$ cat work_5.tsv   # TSV, C-alpha atoms and all ligand atoms
chain	number	residue	atom	x	y	z
A	1	MET	CA	-10.60	-35.69	13.75
A	2	ASN	CA	-10.75	-31.89	13.66
A	3	GLN	CA	-8.74	-30.63	16.65
A	4	ILE	CA	-9.56	-26.98	16.13
A	5	LYS	CA	-11.46	-25.46	19.04
A	6	THR	CA	-10.32	-21.85	19.21
A	7	ILE	CA	-9.93	-19.63	16.20
A	8	ALA	CA	-8.73	-16.04	16.06
A	9	VAL	CA	-9.41	-13.41	13.43
A	10	LEU	CA	-7.40	-10.32	12.52
A	11	THR	CA	-7.37	-7.65	9.83
A	12	SER	CA	-3.99	-6.61	8.44
A	13	GLY	CA	-2.41	-4.17	5.97
A	14	GLY	CA	-4.46	-1.35	4.45
A	15	ASP	CA	-8.06	-1.30	5.69
A	16	ALA	CA	-10.83	-1.94	3.17
A	17	PRO	CA	-14.60	-1.50	3.24
A	18	GLY	CA	-16.19	-4.92	3.69
A	19	MET	CA	-13.62	-6.14	6.21
A	20	ASN	CA	-16.21	-5.66	8.96
A	21	ALA	CA	-18.71	-7.83	7.10
A	22	ALA	CA	-16.05	-10.55	6.94
A	23	VAL	CA	-15.17	-10.22	10.64
A	24	ARG	CA	-18.87	-10.42	11.49
A	25	ALA	CA	-19.33	-13.54	9.36
A	26	VAL	CA	-16.23	-15.23	10.83
A	27	VAL	CA	-17.44	-14.54	14.38
A	28	ARG	CA	-21.06	-15.54	13.86
A	29	THR	CA	-20.53	-18.59	11.66
A	30	GLY	CA	-17.60	-19.58	13.90
A	31	ILE	CA	-19.76	-19.54	17.02
A	32	TYR	CA	-22.58	-21.25	15.09
A	33	ASN	CA	-20.13	-24.07	14.25
A	34	GLY	CA	-19.12	-24.47	17.90
A	35	PHE	CA	-15.75	-22.66	17.82
A	36	LYS	CA	-14.52	-20.23	20.44
A	37	VAL	CA	-13.70	-17.07	18.46
A	38	LEU	CA	-11.10	-14.50	19.47
A	39	GLY	CA	-10.61	-11.08	17.89
A	40	ILE	CA	-7.03	-9.81	17.55
A	41	ASN	CA	-6.75	-6.02	17.48
A	42	LYS	CA	-4.31	-4.17	15.17
A	43	GLY	CA	-3.29	-7.09	12.98
A	44	TYR	CA	-0.10	-9.07	13.63
A	45	GLU	CA	1.04	-6.29	15.99
A	46	GLY	CA	-1.86	-7.21	18.27
A	47	LEU	CA	-0.92	-10.88	18.07
A	48	LEU	CA	2.61	-10.03	19.23
A	49	ASN	CA	1.28	-7.88	22.07
A	50	GLY	CA	-1.52	-10.21	23.16
A	51	ASP	CA	-4.11	-7.55	22.27
A	52	ILE	CA	-6.75	-10.26	21.98
A	53	GLU	CA	-10.30	-10.64	23.27
A	54	GLU	CA	-13.06	-13.21	23.03
A	55	MET	CA	-15.82	-12.28	20.58
A	56	GLN	CA	-19.50	-12.94	21.19
A	57	LEU	CA	-22.39	-12.83	18.73
A	58	ARG	CA	-23.13	-9.27	19.84
A	59	SER	CA	-19.47	-8.16	19.59
A	60	VAL	CA	-20.04	-7.77	15.86
A	61	GLY	CA	-23.46	-6.12	16.03
A	62	ASP	CA	-23.96	-2.88	14.11
A	63	ILE	CA	-20.71	-3.12	12.13
A	64	ILE	CA	-21.74	-4.46	8.71
A	65	GLN	CA	-22.44	-0.94	7.40
A	66	ARG	CA	-19.22	0.58	8.74
A	67	GLY	CA	-16.11	1.26	6.65
A	68	GLY	CA	-12.61	0.59	7.97
A	69	THR	CA	-12.11	-2.31	10.35
A	70	VAL	CA	-13.44	-2.47	13.91
A	71	LEU	CA	-10.49	-4.73	14.79
A	72	GLN	CA	-8.17	-2.00	13.51
A	73	THR	CA	-5.11	-2.83	11.44
A	74	ALA	CA	-1.37	-2.29	11.26
A	75	ARG	CA	1.68	-3.04	9.16
A	76	SER	CA	4.07	-4.74	11.62
A	77	SER	CA	7.81	-4.73	10.90
A	78	GLU	CA	8.61	-6.81	14.01
A	79	PHE	CA	6.28	-9.62	12.89
A	80	ALA	CA	8.18	-9.95	9.60
A	81	THR	CA	11.37	-11.05	11.42
A	82	PRO	CA	12.12	-14.67	12.49
A	83	ALA	CA	12.05	-13.55	16.15
A	84	GLY	CA	8.69	-11.84	15.55
A	85	LEU	CA	7.23	-14.98	14.04
A	86	GLU	CA	8.41	-17.09	16.99
A	87	LYS	CA	6.91	-14.53	19.39
A	88	ALA	CA	3.62	-14.64	17.47
A	89	MET	CA	3.56	-18.44	17.70
A	90	SER	CA	4.19	-18.42	21.44
A	91	MET	CA	1.49	-15.77	21.99
A	92	ALA	CA	-0.92	-17.92	19.95
A	93	LYS	CA	-0.09	-20.77	22.34
A	94	VAL	CA	-0.82	-18.58	25.39
A	95	PHE	CA	-4.31	-17.92	24.00
A	96	SER	CA	-4.74	-21.54	22.80
A	97	ILE	CA	-5.28	-20.35	19.23
A	98	ASP	CA	-5.63	-23.39	16.97
A	99	ALA	CA	-6.34	-21.49	13.75
A	100	LEU	CA	-5.93	-17.95	12.51
A	101	VAL	CA	-8.15	-16.19	9.97
A	102	VAL	CA	-6.25	-13.34	8.29
A	103	ILE	CA	-8.22	-10.70	6.39
A	104	GLY	CA	-5.84	-8.62	4.25
A	105	GLY	CA	-3.73	-8.40	1.14
A	106	ASP	CA	-0.74	-10.23	-0.30
A	107	GLY	CA	1.69	-9.06	2.40
A	108	SER	CA	-0.68	-10.24	5.13
A	109	PHE	CA	-1.03	-13.60	3.39
A	110	ARG	CA	2.76	-13.98	3.27
A	111	GLY	CA	2.74	-13.50	7.06
A	112	ALA	CA	0.02	-16.15	7.32
A	113	LYS	CA	2.09	-18.52	5.18
A	114	ASP	CA	5.12	-17.98	7.45
A	115	LEU	CA	2.98	-18.89	10.47
A	116	CYS	CA	1.61	-21.88	8.60
A	117	GLU	CA	5.20	-23.09	8.05
A	118	LEU	CA	5.70	-22.94	11.82
A	119	GLY	CA	2.64	-25.12	12.38
A	120	MET	CA	-0.29	-22.69	12.71
A	121	ASN	CA	-3.51	-23.44	10.81
A	122	VAL	CA	-4.38	-20.42	8.72
A	123	ILE	CA	-7.09	-19.19	6.39
A	124	GLY	CA	-6.74	-16.04	4.26
A	125	ILE	CA	-9.60	-13.77	3.24
A	126	PRO	CA	-8.66	-11.30	0.46
A	127	GLY	CA	-9.21	-7.74	1.64
A	128	THR	CA	-7.65	-4.80	-0.19
A	129	ILE	CA	-9.11	-2.04	-2.34
A	130	ASP	CA	-6.42	-2.78	-4.96
A	131	ASN	CA	-7.88	-6.11	-6.17
A	132	ASP	CA	-4.32	-7.27	-6.73
A	133	ILE	CA	-4.41	-10.74	-5.15
A	134	ALA	CA	-3.68	-13.24	-7.90
A	135	CYS	CA	-5.75	-16.20	-6.71
A	136	THR	CA	-9.05	-14.30	-6.69
A	137	GLU	CA	-11.08	-12.20	-9.10
A	138	TYR	CA	-12.32	-10.06	-6.24
A	139	THR	CA	-10.92	-8.54	-3.06
A	140	LEU	CA	-12.95	-6.87	-0.34
A	141	GLY	CA	-13.15	-3.10	-0.64
A	142	TYR	CA	-12.57	-2.97	-4.38
A	143	ASP	CA	-16.18	-2.22	-5.31
A	144	THR	CA	-16.64	0.46	-2.66
A	145	ALA	CA	-13.35	2.13	-3.58
A	146	MET	CA	-14.26	2.15	-7.28
A	147	ASN	CA	-17.64	3.71	-6.53
A	148	THR	CA	-15.91	6.39	-4.44
A	149	VAL	CA	-13.52	7.12	-7.33
A	150	LEU	CA	-16.35	7.20	-9.85
A	151	ASP	CA	-18.30	9.66	-7.73
A	152	ALA	CA	-15.19	11.89	-7.65
A	153	ILE	CA	-14.73	11.55	-11.43
A	154	ASP	CA	-18.34	12.61	-12.09
A	155	LYS	CA	-17.89	15.67	-9.86
A	156	ILE	CA	-14.57	16.60	-11.47
A	157	ARG	CA	-16.15	16.18	-14.88
A	158	ASP	CA	-18.82	18.79	-14.08
A	159	THR	CA	-16.31	21.49	-13.29
A	160	SER	CA	-13.93	20.33	-16.03
A	161	TYR	CA	-16.70	20.73	-18.62
A	162	SER	CA	-17.75	24.14	-17.30
A	163	HIS	CA	-14.20	25.49	-17.67
A	164	GLU	CA	-13.20	23.43	-20.72
A	165	ARG	CA	-10.29	22.02	-18.75
A	166	CYS	CA	-8.29	18.86	-18.55
A	167	SER	CA	-8.22	16.99	-15.23
A	168	VAL	CA	-5.51	14.60	-14.16
A	169	LEU	CA	-6.74	12.33	-11.38
A	170	GLU	CA	-4.40	10.14	-9.35
A	171	VAL	CA	-6.09	7.05	-7.90
A	172	MET	CA	-4.75	4.40	-5.50
A	173	GLY	CA	-2.77	1.38	-6.59
A	174	ARG	CA	0.98	1.33	-6.04
A	175	LYS	CA	1.60	-1.79	-8.08
A	176	ALA	CA	-1.83	-2.50	-9.51
A	177	GLY	CA	-3.94	-0.51	-11.94
A	178	TRP	CA	-7.29	-2.24	-11.40
A	179	ILE	CA	-8.99	0.78	-9.87
A	180	ALA	CA	-7.47	3.03	-12.55
A	181	ILE	CA	-8.50	0.94	-15.56
A	182	ASN	CA	-12.07	0.26	-14.48
A	183	CYS	CA	-12.76	3.74	-13.18
A	184	GLY	CA	-11.14	5.18	-16.30
A	185	ILE	CA	-13.50	3.18	-18.50
A	186	ALA	CA	-16.54	3.96	-16.33
A	187	GLY	CA	-15.61	7.65	-16.12
A	188	GLY	CA	-14.84	8.13	-19.82
A	189	ALA	CA	-11.13	8.96	-19.51
A	190	GLU	CA	-9.07	10.08	-22.51
A	191	ALA	CA	-6.02	8.30	-21.11
A	192	ILE	CA	-5.39	5.77	-18.33
A	193	ILE	CA	-1.84	5.29	-17.09
A	194	LEU	CA	-1.12	2.08	-15.24
A	195	PRO	CA	1.85	0.92	-13.16
A	196	GLU	CA	1.90	-2.34	-15.13
A	197	LYS	CA	2.53	-0.66	-18.50
A	198	GLU	CA	5.26	1.66	-19.73
A	199	PHE	CA	3.86	4.86	-21.18
A	200	ASP	CA	4.91	7.66	-23.47
A	201	ILE	CA	3.45	10.96	-22.31
A	202	ASP	CA	3.12	12.43	-25.82
A	203	LYS	CA	1.73	9.34	-27.53
A	204	ASP	CA	-0.48	8.10	-24.69
A	205	ILE	CA	-1.71	11.37	-23.17
A	206	VAL	CA	-1.03	14.54	-25.19
A	207	ILE	CA	-2.01	13.24	-28.64
A	208	PRO	CA	-5.33	11.68	-27.50
A	209	ILE	CA	-6.22	15.03	-25.87
A	210	ILE	CA	-5.34	17.06	-28.97
A	211	ASP	CA	-7.21	14.57	-31.19
A	212	GLY	CA	-10.20	14.85	-28.87
A	213	ARG	CA	-10.14	18.63	-29.03
A	214	ASN	CA	-10.00	18.46	-32.85
A	215	ARG	CA	-13.12	16.30	-32.75
A	216	GLY	CA	-14.92	18.87	-30.57
A	217	LYS	CA	-14.39	17.57	-27.04
A	218	LYS	CA	-14.98	20.14	-24.31
A	219	HIS	CA	-13.15	18.53	-21.40
A	220	TYR	CA	-10.57	15.83	-20.82
A	221	LEU	CA	-9.80	13.32	-18.12
A	222	VAL	CA	-6.53	11.51	-17.50
A	223	ILE	CA	-6.39	8.80	-14.82
A	224	VAL	CA	-3.00	8.06	-13.34
A	225	ALA	CA	-2.44	5.19	-10.91
A	226	GLU	CA	-0.57	6.01	-7.70
A	227	GLY	CA	2.30	3.71	-8.65
A	228	VAL	CA	2.98	5.86	-11.72
A	229	GLY	CA	2.58	9.06	-9.71
A	230	GLY	CA	3.58	12.52	-10.87
A	231	ALA	CA	0.01	13.77	-11.49
A	232	VAL	CA	1.04	17.39	-10.89
A	233	ASP	CA	3.97	17.17	-13.33
A	234	ILE	CA	1.84	15.38	-15.91
A	235	ALA	CA	-0.78	18.14	-15.60
A	236	LYS	CA	1.88	20.84	-16.15
A	237	TYR	CA	3.22	19.02	-19.19
A	238	ILE	CA	-0.24	18.65	-20.74
A	239	GLU	CA	-0.95	22.36	-20.21
A	240	GLU	CA	2.37	23.37	-21.76
A	241	LYS	CA	1.89	21.16	-24.81
A	242	THR	CA	-1.82	21.74	-25.45
A	243	GLN	CA	-2.50	25.17	-23.93
A	244	ILE	CA	-5.54	23.56	-22.28
A	245	THR	CA	-5.81	24.57	-18.62
A	246	THR	CA	-5.06	21.41	-16.67
A	247	ARG	CA	-5.55	20.64	-12.98
A	248	ALA	CA	-4.33	17.69	-10.95
A	249	THR	CA	-6.29	16.01	-8.15
A	250	ILE	CA	-4.83	13.34	-5.90
A	251	LEU	CA	-7.74	11.42	-4.40
A	252	GLY	CA	-5.74	9.70	-1.66
A	253	TYR	CA	-7.20	8.04	1.41
A	254	ILE	CA	-10.80	9.00	0.73
A	255	GLN	CA	-10.72	5.87	-1.48
A	256	ARG	CA	-10.15	3.60	1.51
A	257	GLY	CA	-13.06	4.82	3.62
A	258	GLY	CA	-16.82	4.88	3.51
A	259	SER	CA	-19.71	2.56	4.04
A	260	PRO	CA	-19.25	-0.68	2.05
A	261	THR	CA	-21.41	-1.25	-1.02
A	262	ILE	CA	-23.80	-4.20	-1.13
A	263	THR	CA	-21.19	-6.14	-3.13
A	264	ASP	CA	-18.57	-5.71	-0.41
A	265	ARG	CA	-21.04	-6.56	2.36
A	266	VAL	CA	-22.24	-9.73	0.65
A	267	MET	CA	-18.73	-10.75	-0.47
A	268	GLY	CA	-17.40	-10.15	3.06
A	269	SER	CA	-20.20	-12.26	4.51
A	270	ARG	CA	-19.68	-15.11	2.02
A	271	LEU	CA	-15.88	-15.15	2.21
A	272	GLY	CA	-16.00	-15.04	6.03
A	273	ALA	CA	-18.46	-17.92	6.17
A	274	ARG	CA	-16.38	-19.97	3.71
A	275	ALA	CA	-13.29	-19.46	5.89
A	276	ILE	CA	-15.12	-21.05	8.80
A	277	GLN	CA	-16.51	-23.80	6.59
A	278	CYS	CA	-12.93	-24.71	5.60
A	279	LEU	CA	-11.88	-24.94	9.26
A	280	ALA	CA	-14.99	-26.89	10.23
A	281	GLU	CA	-14.27	-29.40	7.46
A	282	GLY	CA	-10.59	-29.70	8.44
A	283	ARG	CA	-9.37	-27.98	5.26
A	284	ASN	CA	-6.69	-25.71	6.70
A	285	ASN	CA	-4.11	-23.41	5.15
A	286	ARG	CA	-6.40	-22.12	2.42
A	287	VAL	CA	-7.21	-18.77	0.87
A	288	VAL	CA	-10.90	-18.25	0.17
A	289	ALA	CA	-11.52	-16.65	-3.19
A	290	ILE	CA	-13.91	-15.87	-6.01
A	291	ASN	CA	-13.19	-17.59	-9.33
A	292	ASP	CA	-15.50	-17.47	-12.34
A	293	GLY	CA	-17.97	-15.80	-9.98
A	294	LYS	CA	-17.96	-18.76	-7.60
A	295	LEU	CA	-16.79	-19.07	-4.01
A	296	VAL	CA	-13.74	-21.38	-3.83
A	297	ASP	CA	-10.76	-22.07	-1.56
A	298	ILE	CA	-7.18	-22.62	-2.66
A	299	ASP	CA	-4.07	-23.94	-0.92
A	300	ILE	CA	-2.21	-20.92	0.50
A	301	MET	CA	1.16	-21.92	-1.03
A	302	GLU	CA	-0.43	-22.27	-4.45
A	303	ALA	CA	-2.37	-19.02	-3.98
A	304	LEU	CA	0.80	-17.09	-3.22
A	305	SER	CA	2.63	-18.46	-6.25
A	306	MET	CA	0.02	-17.14	-8.71
A	307	LYS	CA	0.41	-13.99	-10.83
A	308	LYS	CA	-2.26	-11.52	-11.92
A	309	THR	CA	-2.10	-9.14	-14.85
A	310	ILE	CA	-4.52	-6.61	-16.22
A	311	ASP	CA	-6.50	-7.88	-19.13
A	312	ASN	CA	-5.46	-6.37	-22.47
A	313	GLU	CA	-9.13	-6.47	-23.44
A	314	LEU	CA	-9.80	-3.73	-20.83
A	315	ILE	CA	-6.83	-1.67	-21.96
A	316	ASN	CA	-7.81	-1.87	-25.63
A	317	LEU	CA	-11.45	-1.11	-24.83
A	318	SER	CA	-10.50	2.00	-22.85
A	319	LYS	CA	-8.58	3.31	-25.90
A	320	ILE	CA	-11.40	2.68	-28.36
A	321	LEU	CA	-14.02	4.24	-26.10
A	322	ALA	CA	-11.90	7.37	-25.67
A	323	LEU	CA	-12.12	8.13	-29.40
A	401	LIG	O1	-3.19	-1.61	-0.50
A	401	LIG	C1	-4.13	-0.62	-0.37
A	401	LIG	C2	-3.50	0.74	-0.50
A	401	LIG	O2	-4.48	1.72	-0.28
A	401	LIG	C3	-2.76	1.01	-1.80
A	401	LIG	O3	-3.59	1.35	-2.87
A	401	LIG	C4	-1.84	2.10	-1.40
A	401	LIG	O4	-0.75	2.15	-2.26
A	401	LIG	C5	-1.44	1.70	-0.01
A	401	LIG	O5	-2.50	0.91	0.49
A	401	LIG	C6	-1.19	2.83	0.93
A	401	LIG	O6	-0.73	2.28	2.13
A	401	LIG	P1	-0.57	3.06	3.51
A	401	LIG	O7	-1.89	3.02	4.21
A	401	LIG	O8	0.46	2.29	4.25
A	401	LIG	O9	-0.16	4.46	3.17
$ encode --input "work_5.tsv" --output "structure tokens" --more "lines below"
Ligand code: F6P
Amino acid sequence: MNQIKTIAVLTSGGDAPGMNAAVRAVVRTGIYNGFKVLGINKGYEGLLNGDIEEMQLRSVGDIIQRGGTVLQTARSSEFATPAGLEKAMSMAKVFSIDALVVIGGDGSFRGAKDLCELGMNVIGIPGTIDNDIACTEYTLGYDTAMNTVLDAIDKIRDTSYSHERCSVLEVMGRKAGWIAINCGIAGGAEAIILPEKEFDIDKDIVIPIIDGRNRGKKHYLVIVAEGVGGAVDIAKYIEEKTQITTRATILGYIQRGGSPTITDRVMGSRLGARAIQCLAEGRNNRVVAINDGKLVDIDIMEALSMKKTIDNELINLSKILAL
């Protein structure tokens, strides 16, 4: 028999557009299924501090269109310690939490797995603009972030064309180049530099720019992922070698904000509802995910052991299209 009566939801790690849609779906489908639903503020930090309140249907009204997370988020160093985990478990007991829904990235899921090993029922919902969670094709916030980057690329392109310049744009992704590769393809970049791949500045950046100029190009775009960094230095180097005026732009946190796109709102709603469905059916310790375009759920241990790499097809395509 399913013993779960009270579930709690938190958002953790970097915020991502679409997290609110997921919180809303967890709360509303949770109440619909007869659960008591608690909201934990500020991620695992809030669990440690007992910053927890009961959610009602109306607690999540008017949030689906908002970026960020209404529950707020944090990266907690105390929680990552054995003492922190024990404290989290005893606070969960104080609030009679039978299951925890964690909306966040890989680091947040590792925290959920640690709690699961201490006996907590957990469900993970992938939420990070980086799209770097191995068990799923899609993470909440990815689509909105890419649209924000693309809007910036189109604007930079206008001024770059007018001045016949080269632009080097640094986009988010410390370890993952998903935003970089897709936005580079969609924005028509001459070169895309990813944290997953070694690069040679002359071969991969300078030569494609010079070749482009010889073919009559009027402006140039280089996308550099945050994990590679050094956009300003790369810009200086390009200018020195090509004599093309080159400017660097670091997009930064603008990529994490903004109203979620329809994709992120619908994905957040579906993933949130699936999390509750798992708990209602007694399938605990799962990560809900999208695979081959379909909503699925995967054992959390298995999910965390998976690896994700950028498709060579995308990398090759980006090179051909830059010709
Ligand atoms: O994981 C999302 C992300 O925005 C990464 O792209 C970036 O490297 C990181 O978070 C920044 O984290 P913080 O908010 O701690 O500076």
$ residues_near_ligand --input "work_5.tsv" --ligand "ligand LIG 401 (chain A)" --cutoff "10 Å" --atoms "all atoms listed in the file" --output "PyMOL selection string"
chain A and resi 13-16+73-75+104-107+127-132+141-142+145+171-179+225-227+252-257
$ atom_distance --input "work_5.tsv" --atom1 "CA of Thr246 (chain A)" --atom2 "CA of Glu190 (chain A)"
13.4 Å
$ residues_around --input "work_5.tsv" --residues "region 112-124 of chain A" --least-positions-apart "3" --cutoff "6 Å" --atoms "only C-alpha atoms" --output "PDB file with C-alpha atoms, in the coordinates of the input"
ATOM      1  CA  ALA A  99      -6.340 -21.490  13.750  1.00  0.00           C
ATOM      2  CA  LEU A 100      -5.930 -17.950  12.510  1.00  0.00           C
ATOM      3  CA  VAL A 101      -8.150 -16.190   9.970  1.00  0.00           C
ATOM      4  CA  VAL A 102      -6.250 -13.340   8.290  1.00  0.00           C
ATOM      5  CA  ILE A 103      -8.220 -10.700   6.390  1.00  0.00           C
ATOM      6  CA  PHE A 109      -1.030 -13.600   3.390  1.00  0.00           C
ATOM      7  CA  ASN A 284      -6.690 -25.710   6.700  1.00  0.00           C
ATOM      8  CA  ASN A 285      -4.110 -23.410   5.150  1.00  0.00           C
ATOM      9  CA  ARG A 286      -6.400 -22.120   2.420  1.00  0.00           C
ATOM     10  CA  VAL A 287      -7.210 -18.770   0.870  1.00  0.00           C
TER      11      VAL A 287
END
$ residues_around --input "work_5.tsv" --residues "Lys319 (chain A)" --least-positions-apart "3" --cutoff "12 Å" --atoms "only C-alpha atoms" --output "PyMOL selection string"
chain A and resi 181+184-185+188-193+204-205+208-209+222+312-316+322-323
$ closest_residue --input "work_5.tsv" --among "A:Ala303, A:Met89, A:Ala186, A:Leu169" --to "Gly230 (chain A)" --atoms "all atoms listed in the file"
A:Leu169
$ closest_residue --input "work_5.tsv" --among "A:Arg265, A:Lys294, A:Arg283, A:Lys197" --to "Gly67 (chain A)" --atoms "all atoms listed in the file"
A:Arg265
$ closest_residue --input "work_5.tsv" --among "A:Lys218, A:Ser167, A:Val288, A:Leu279" --to "Lys236 (chain A)" --atoms "all atoms listed in the file"
A:Ser167
$ closest_residue --input "work_5.tsv" --among "A:Cys278, A:Ile290, A:Met91, A:Met267" --to "Thr29 (chain A)" --atoms "only C-alpha atoms"
A:Cys278
$ atom_distance --input "work_5.tsv" --atom1 "CA of Pro195 (chain A)" --atom2 "CA of Arg247 (chain A)"
21.1 Å
$ closest_residue --input "work_5.tsv" --among "A:Thr11, A:Thr6, A:Asn49, A:Asn33" --to "Gln277 (chain A)" --atoms "all atoms listed in the file"
A:Asn33
$ closest_residue --input "work_5.tsv" --among "A:Ser259, A:His219, A:Asp299, A:Ala248" --to "Val232 (chain A)" --atoms "only C-alpha atoms"
A:Ala248
$ atom_distance --input "work_5.tsv" --atom1 "CA of Thr136 (chain A)" --atom2 "CA of Val37 (chain A)"
25.7 Å
$ residues_around --input "work_5.tsv" --residues "Tyr44 (chain A)" --least-positions-apart "4" --cutoff "7 Å" --atoms "all atoms listed in the file" --output "PDB file with C-alpha atoms, in the frame of the given file"
ATOM      1  CA  SER A  12      -3.990  -6.610   8.440  1.00  0.00           C
ATOM      2  CA  LEU A  48       2.610 -10.030  19.230  1.00  0.00           C
ATOM      3  CA  SER A  76       4.070  -4.740  11.620  1.00  0.00           C
ATOM      4  CA  PHE A  79       6.280  -9.620  12.890  1.00  0.00           C
TER       5      PHE A  79
END
$ decode --input "work_5.tsv" --residues "region 204-211 of chain A" --atoms "all heavy atoms" --output "JSON list (two decimals), in the first residue's frame"
[["chain", "number", "residue", "atom", "x", "y", "z"],
["A", 204, "ASP", "N", 40.59, 26.58, -35.76],
["A", 204, "ASP", "CA", 39.13, 26.54, -35.53],
["A", 204, "ASP", "C", 38.46, 27.90, -35.56],
["A", 204, "ASP", "O", 37.24, 27.98, -35.71],
["A", 204, "ASP", "CB", 38.82, 25.84, -34.19],
["A", 204, "ASP", "CG", 39.26, 24.39, -34.21],
["A", 204, "ASP", "OD1", 39.04, 23.72, -35.22],
["A", 204, "ASP", "OD2", 39.85, 23.93, -33.20],
["A", 205, "ILE", "N", 39.24, 28.98, -35.38],
["A", 205, "ILE", "CA", 38.59, 30.30, -35.35],
["A", 205, "ILE", "C", 39.16, 31.23, -36.42],
["A", 205, "ILE", "O", 38.42, 31.74, -37.27],
["A", 205, "ILE", "CB", 38.74, 30.96, -33.94],
["A", 205, "ILE", "CG1", 38.11, 30.07, -32.87],
["A", 205, "ILE", "CG2", 38.10, 32.34, -33.95],
["A", 205, "ILE", "CD1", 38.17, 30.62, -31.45],
["A", 206, "VAL", "N", 40.49, 31.45, -36.40],
["A", 206, "VAL", "CA", 41.07, 32.47, -37.29],
["A", 206, "VAL", "C", 40.91, 32.08, -38.76],
["A", 206, "VAL", "O", 40.46, 32.90, -39.59],
["A", 206, "VAL", "CB", 42.56, 32.72, -36.92],
["A", 206, "VAL", "CG1", 43.21, 33.67, -37.92],
["A", 206, "VAL", "CG2", 42.66, 33.28, -35.51],
["A", 207, "ILE", "N", 41.26, 30.84, -39.09],
["A", 207, "ILE", "CA", 41.19, 30.44, -40.51],
["A", 207, "ILE", "C", 39.76, 30.49, -41.06],
["A", 207, "ILE", "O", 39.54, 31.07, -42.14],
["A", 207, "ILE", "CB", 41.90, 29.08, -40.74],
["A", 207, "ILE", "CG1", 43.40, 29.29, -40.51],
["A", 207, "ILE", "CG2", 41.65, 28.52, -42.14],
["A", 207, "ILE", "CD1", 44.25, 28.04, -40.50],
["A", 208, "PRO", "N", 38.75, 29.96, -40.34],
["A", 208, "PRO", "CA", 37.38, 30.10, -40.87],
["A", 208, "PRO", "C", 36.97, 31.56, -41.10],
["A", 208, "PRO", "O", 36.26, 31.87, -42.06],
["A", 208, "PRO", "CB", 36.51, 29.46, -39.79],
["A", 208, "PRO", "CG", 37.41, 28.50, -39.08],
["A", 208, "PRO", "CD", 38.78, 29.08, -39.15],
["A", 209, "ILE", "N", 37.46, 32.48, -40.25],
["A", 209, "ILE", "CA", 37.11, 33.89, -40.43],
["A", 209, "ILE", "C", 37.80, 34.44, -41.69],
["A", 209, "ILE", "O", 37.17, 35.10, -42.53],
["A", 209, "ILE", "CB", 37.50, 34.72, -39.18],
["A", 209, "ILE", "CG1", 36.56, 34.35, -38.02],
["A", 209, "ILE", "CG2", 37.45, 36.22, -39.46],
["A", 209, "ILE", "CD1", 36.95, 34.94, -36.68],
["A", 210, "ILE", "N", 39.08, 34.13, -41.83],
["A", 210, "ILE", "CA", 39.81, 34.63, -43.02],
["A", 210, "ILE", "C", 39.20, 34.03, -44.29],
["A", 210, "ILE", "O", 38.96, 34.75, -45.28],
["A", 210, "ILE", "CB", 41.32, 34.32, -42.92],
["A", 210, "ILE", "CG1", 41.92, 35.16, -41.77],
["A", 210, "ILE", "CG2", 42.05, 34.61, -44.23],
["A", 210, "ILE", "CD1", 43.36, 34.83, -41.44],
["A", 211, "ASP", "N", 38.91, 32.73, -44.26],
["A", 211, "ASP", "CA", 38.27, 32.09, -45.42],
["A", 211, "ASP", "C", 36.95, 32.77, -45.75],
["A", 211, "ASP", "O", 36.63, 33.02, -46.92],
["A", 211, "ASP", "CB", 38.00, 30.60, -45.13],
["A", 211, "ASP", "CG", 39.28, 29.77, -45.22],
["A", 211, "ASP", "OD1", 40.31, 30.31, -45.67],
["A", 211, "ASP", "OD2", 39.23, 28.59, -44.80]]
